[in-house]
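The block underneath contains the structure these notes are about, expressed in structure tokens.
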There are 4 protein chains.
Amino acid sequence: MGKKMERRKSMVQAARILFAEQGFEKTTMQKIADESNVGVATLFRYFPKKEDLIIEVVKEAIEQQVPYFEEIIHSNKKGIEKIDDVLTVYIRFISEENRETTKLLEAFELYTAFTPVEKRMLEEIEKAYGKIGHIISEIVKEGKEDGSIQLSISDEFVWNTIFNMFGTAIKKYTLYTFLPDVILPVPNKEELTKVKNMMIHFLKNPAK
Amino acid sequence: MGKKMERRKSMVQAARILFAEQGFEKTTMQKIADESNVGVATLFRYFPKKEDLIIEVVKEAIEQQVPYFEEIIHSNKKGIEKIDDVLTVYIRFISEENRETTKLLEAFELYTAFTPVEKRMLEEIEKAYGKIGHIISEIVKEGKEDGSIQLSISDEFVWNTIFNMFGTAIKKYTLYTFLPDVILPVPNKEELTKVKNMMIHFLKNPAK
Amino acid sequence: MGKKMERRKSMVQAARILFAEQGFEKTTMQKIADESNVGVATLFRYFPKKEDLIIEVVKEAIEQQVPYFEEIIHSNKKGIEKIDDVLTVYIRFISEENRETTKLLEAFELYTAFTPVEKRMLEEIEKAYGKIGHIISEIVKEGKEDGSIQLSISDEFVWNTIFNMFGTAIKKYTLYTFLPDVILPVPNKEELTKVKNMMIHFLKNPAK
Amino acid sequence: MGKKMERRKSMVQAARILFAEQGFEKTTMQKIADESNVGVATLFRYFPKKEDLIIEVVKEAIEQQVPYFEEIIHSNKKGIEKIDDVLTVYIRFISEENRETTKLLEAFELYTAFTPVEKRMLEEIEKAYGKIGHIISEIVKEGKEDGSIQLSISDEFVWNTIFNMFGTAIKKYTLYTFLPDVILPVPNKEELTKVKNMMIHFLKNPAK
DNA sequence: TATGAATGAGGCTTCATTCAT
DNA sequence: CATGAATGAAGCCTCATTCAT
């Protein structure tokens, strides 16, 4: 029956909220168990290592973002417009419903930077991220095919890099939405939109 | 005499290395003490709270970057060229001597995201960061004055934002230089240079 | 089931013995855990702060004394005789089974003199002490009502004060039963009894 | 020259103040050194063990009380009046200049209860206390000789005991002058005076 | 299967005391 | 002599993980 699955889901959800709020290290397994009304031992039955739970949460977070991109690729717009939409979605990620999710992903990237994560785990993450990556690649290809992006092959890398940087920076901003500007001044939506427009413009009319 | 200063320096250095390698939370005061051949108590004599040491390390890291920017602003180039230099320095930060420093700063930004840091501490950091911020502002102003940057006032925000994003993304990349591409594919120097060029081009010929 | 309670009891008991032997500060949580064959973490599960354990021990110690006074008030004697009994009980506290308990209480009073104790904690102690205080008040009232104590209202304060001093001194003596007389010469039971008799006599025939 | 003595005095004084304020355990050697503007090492040169300093402070505290009793015994009053004076002095100790000193002595009695003190140290204390003890004995003897105290020899013990209890309780009260009444309700000066009068009355007219 | 209870290893911090100038 | 610097031992407390019911 789905009872088990529900339980599991409630644990993952509690974990996600706590992880996003306090980070991975500061969130104890006990807190998570309490929050989802389960005994710690049960939590450990489902996720024998804390890291397993982290991976699960992150995986789901990534997957939660996929539909946003799928919707875009399935629309009828031209490639360049789809790209515009993708960047717009990123911008929205900072401030809207998905902020928690995005914050989580950012926190995870930090986590992996200093904690050796089992390869098997990373592969799961990779697979999840792959979906988004694939979609984006497709969009770029479309854009090139329908002529809305004037890109020579070498420029594709540029594009990917630009894209990457935009996303990377945006994701990081989510961490600081509520923190003082001291550490990292976060541009607002209008400013980000201007940058986006700059990029789109560049993609249409690359420098000679 | 400088004996005390040397000791202090050796502690800060050991801390810097360990922090950069393992992050702040995973690095224990004991390890730092051992690494700098000092008793823990001594370490605590100099830095009564672990956070004090963290702040010190970060402050020095920031200050270590200042000369790079100072050199640029004091050169004879035009504003736009100075900006080019600044972005180039950022790119170099990923892979050269300063990688460790940059990695440290990135780690700190993540640290603050989940650990409440005393205001007094943050102010010290702010002051250090301020120096760099001030230099960059000056460069932008110069560029606008000497006409090498075609910016209307509103565009200045765009510029700051672009700059901010470039730096933000770059800093984050330093964390992943040695990690598998799974989590975050890090563009290489050539790719980053192309993005830089795009930005410079845009600053000279903003979209109409 | 009572397993948990037993364990808890064994911890409290170990703590009580050690506290009485070595005082609160010199007794470490580790020692207590060892003595009751428990891991430190377990001890901390039951008593998250050392102070919690101290309070618990003291509270139980006080409550352990209550029956002695209850028995007295429920007897058929006259008020003045009950008072005599109360003082006698105090005297017995120095040397008999309850010496450890009394010593503990004395140690706690000293502890609070130099260590700020959370208000919430003090309230628990107050409640426990209150029971004894209430009984004694009742006895005094009885004595006044049945005429066995010749007290004008103002004398009641005297009485309470006398009583207070007797108890205070006695409790303190328990600390020094086994120590050399150097610091505080402890009167023996006969001597204390004489003082008691003096007091009783005074209560019956107050100075004109 | 007296320089050394002055230094020493200033250390002892600083120690006394801090000990009285925070107790012996909570007062660190460093704090004492700071407070008396001396290096810790110097402090340790004068008092190789913390305990040495404690003993010194206590010894001086006791000696500071001696003159109060000396003045009494050298007066022209009758024995019983001198006794009255002694008890009155005790009462004054709670609230006046000497409160700090008295508090200190009380704290020391606590200290010895749980910390094994070197015999040699205790002897010094004993000698100091002896002076006061001797004076009081003399007074009692006087009282018996001049007939102002109607005491049979066996009653002398009673007297000593009464006296002892009065002093013991009073000393303890000094610890709680500033603390909430929860732990130990401290009688006020008027109440204590009444108790004193009761005792004096008893000494003049012992129970038959 | 679900769970509360149990725990060792480890982290931060303090302090009496010793060293070296 | 005077002193700041140095330090190990020890204390409180936390947490991922295992046990036992």
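Ordered as shown in the structure tokens, chains take letters A, B, and onward, while each chain numbers its residues from 1 and ligands are numbered from 1 in the order shown.
Contacts from chain D to chain E at a cut-off of 8 Å (only C-alpha atoms (C1' of nucleotides)) map to D:Thr28, D:Met29, D:Lys50.
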### Task
Pull the alpha helix (DSSP H) assignments for region 69-192 of chain D out of DSSP run on the backbone, and list those residues as an MDAnalysis selection string.
chainID D and resid 69:73 79:95 99:114 119:145 153:176 189:192
### Query
region 38-45 of chain D: which residues within 12 Å, counting only C-alpha atoms (C1' of nucleotides), same-chain residues fewer than 2 positions away excluded, as a VMD selection string?
(chain D and resid 4 6 to 12 14 to 15 28 to 36 47 to 53) or (chain E and resid 15 to 20) or (chain F and resid 1 to 5)
### Message
Which residues are near Lys59 (chain C)? Cut-off 9 Å, only C-alpha atoms (C1' of nucleotides), ignore same chain within fewer than 6 positions. Put them as a VMD selection string.
### Response
chain C and resid 124 to 125 127 to 129
### Message
What are the residues of chain B lining chain A at 6 Å or less? Count only C-alpha atoms, and put the answer as JSON, numbers by chain.
### Response
{"B": [22, 23, 114, 126, 158, 165, 168, 169, 182, 191]}
With C-alpha atoms retained, write the just-selected residues as a PDB file, in the first residue's frame.
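The result, stored in result29.pdb:
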```
ATOM      1  CA  GLN B  22      37.619  21.365   4.493  1.00  0.00           C
ATOM      2  CA  GLY B  23      35.299  24.259   5.077  1.00  0.00           C
ATOM      3  CA  PHE B 114      23.144  29.464   7.465  1.00  0.00           C
ATOM      4  CA  GLU B 126      31.991  44.905   5.078  1.00  0.00           C
ATOM      5  CA  VAL B 158      22.868  47.174 -15.394  1.00  0.00           C
ATOM      6  CA  MET B 165      26.907  38.435 -11.633  1.00  0.00           C
ATOM      7  CA  THR B 168      29.494  35.964  -8.225  1.00  0.00           C
ATOM      8  CA  ALA B 169      29.567  33.162 -10.714  1.00  0.00           C
ATOM      9  CA  VAL B 182      28.534  16.720 -12.099  1.00  0.00           C
ATOM     10  CA  GLU B 191      35.092  30.362 -22.420  1.00  0.00           C
TER      11      GLU B 191
END
```
### Message
Using only C-alpha atoms (C1' of nucleotides) and a cut-off of 10 Å, which residues of chain F sit close to chain B? Please list them as a PyMOL selection string.
### Response
chain F and resi 5-8
Print the selection's residues with C-alpha atoms (C1' of nucleotides) to a file, as a PDB file, in the first residue's frame.
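Once written, part_6.pdb looks like this:
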```
ATOM      1  C1'  DA F   5      52.726  33.831  26.362  1.00  0.00           C
ATOM      2  C1'  DA F   6      51.925  28.945  26.171  1.00  0.00           C
ATOM      3  C1'  DT F   7      49.560  24.860  27.243  1.00  0.00           C
ATOM      4  C1'  DG F   8      47.291  20.161  28.475  1.00  0.00           C
TER       5       DG F   8
END
```
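Counting from CA of Phe93 (chain B), the distance to CA of Ile136 (chain A) is 28.5 Å.
With CA of Thr102 (chain B) on one side and CA of Arg99 (chain A) on the other, the separation reads 25.9 Å.
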### Summary
Atom pair CA of Ile80 (chain A) + CA of Ser148 (chain A), distance 5.5 Å
### Residue neighbourhood region 69-73 of chain B, 12 Å, only C-alpha atoms (C1' of nucleotides), exclusion window fewer than 2 positions, as a VMD selection string
chain B and resid 62 to 67 75 to 90 129 131 to 143
